[in-house]
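Q: Handing you this structure, nothing more for now.
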Amino acid sequence: MKNRLIIGVHDAEKEHFKNFKNKDFPNYALMKKSAWHKAKGDKVEEKRLSYRVML
């Protein structure tokens with residue numbers, strides 16, 4: 001039995017461009033990695049990171 005992984009992906013560009021209009025485009029690099037892992041039978045989840053910048 002193969003070990004299956006749970007892969008968490010986060011689109012940092014989506015967070016960066018959230019305040020811009022008409023900047024809702026897919027991240028093809030994440031899509032390609034996600035498809036590769038799904039083809040291997042791994043579980044892929046979108047992760048939303050919550051963090052604060054300390055100044």
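Chains: A, B, ... in order of the structure tokens. Residues: from 1 per chain. Ligands: from 1, in order shown.
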Within 9 Å of Ile7 of chain A, counting only C-alpha atoms, which residues qualify if same-chain residues fewer than 6 places away don't, as a list in words?
A: Ser34, His37, Asp42, Lys43, Val44, Glu45 and Glu46 of chain A
Q: Restricting the output to N, CA, C and O atoms, write the selected residues as a short mmCIF file (atom, residue, chain, number, x, y, z; two decimals), in the first residue's frame.
A:
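Full text of part22.cif as output:
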data_model
loop_
_atom_site.label_atom_id
_atom_site.label_comp_id
_atom_site.auth_asym_id
_atom_site.auth_seq_id
_atom_site.Cartn_x
_atom_site.Cartn_y
_atom_site.Cartn_z
N SER A 34 -0.94 20.74 -8.42
CA SER A 34 -2.12 20.11 -7.88
C SER A 34 -2.55 18.92 -8.74
O SER A 34 -2.86 17.84 -8.22
N HIS A 37 -0.16 15.90 -8.22
CA HIS A 37 -0.40 15.19 -6.97
C HIS A 37 -1.72 14.42 -7.00
O HIS A 37 -1.80 13.30 -6.50
N ASP A 42 -2.84 11.64 -4.30
CA ASP A 42 -2.73 12.46 -3.10
C ASP A 42 -3.95 13.37 -2.98
O ASP A 42 -4.64 13.65 -3.96
N LYS A 43 -4.22 13.82 -1.78
CA LYS A 43 -5.32 14.75 -1.53
C LYS A 43 -4.75 16.17 -1.54
O LYS A 43 -3.77 16.45 -0.85
N VAL A 44 -5.36 17.06 -2.29
CA VAL A 44 -4.89 18.44 -2.41
C VAL A 44 -5.96 19.36 -1.83
O VAL A 44 -7.12 19.28 -2.19
N GLU A 45 -5.54 20.22 -0.90
CA GLU A 45 -6.45 21.16 -0.25
C GLU A 45 -5.91 22.58 -0.41
O GLU A 45 -4.71 22.80 -0.33
N GLU A 46 -6.82 23.52 -0.61
CA GLU A 46 -6.42 24.92 -0.63
C GLU A 46 -6.34 25.41 0.80
O GLU A 46 -7.27 25.25 1.59
#
Q: My list of candidates is A:Lys18, A:Phe25, A:Asp11, A:Leu5. Which is closest to Lys40 of chain A when distances are computed with only C-alpha atoms?
A: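 Checking each of A:Lys18, A:Phe25, A:Asp11, A:Leu5 against Lys40 of chain A, counting only C-alpha atoms, the winner is A:Leu5.
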Q: Using only C-alpha atoms, can you tell me which of A:Gly41, A:Lys47, A:Asn19, A:Lys33 comes closest to Asn3 of chain A?
A: A:Gly41
Q: Using only C-alpha atoms, which of A:Pro26, A:Arg48, A:Lys38, A:Met31 sits nearest His10 of chain A?
A: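 Among the listed residues, the smallest separation from His10 of chain A belongs to A:Arg48.
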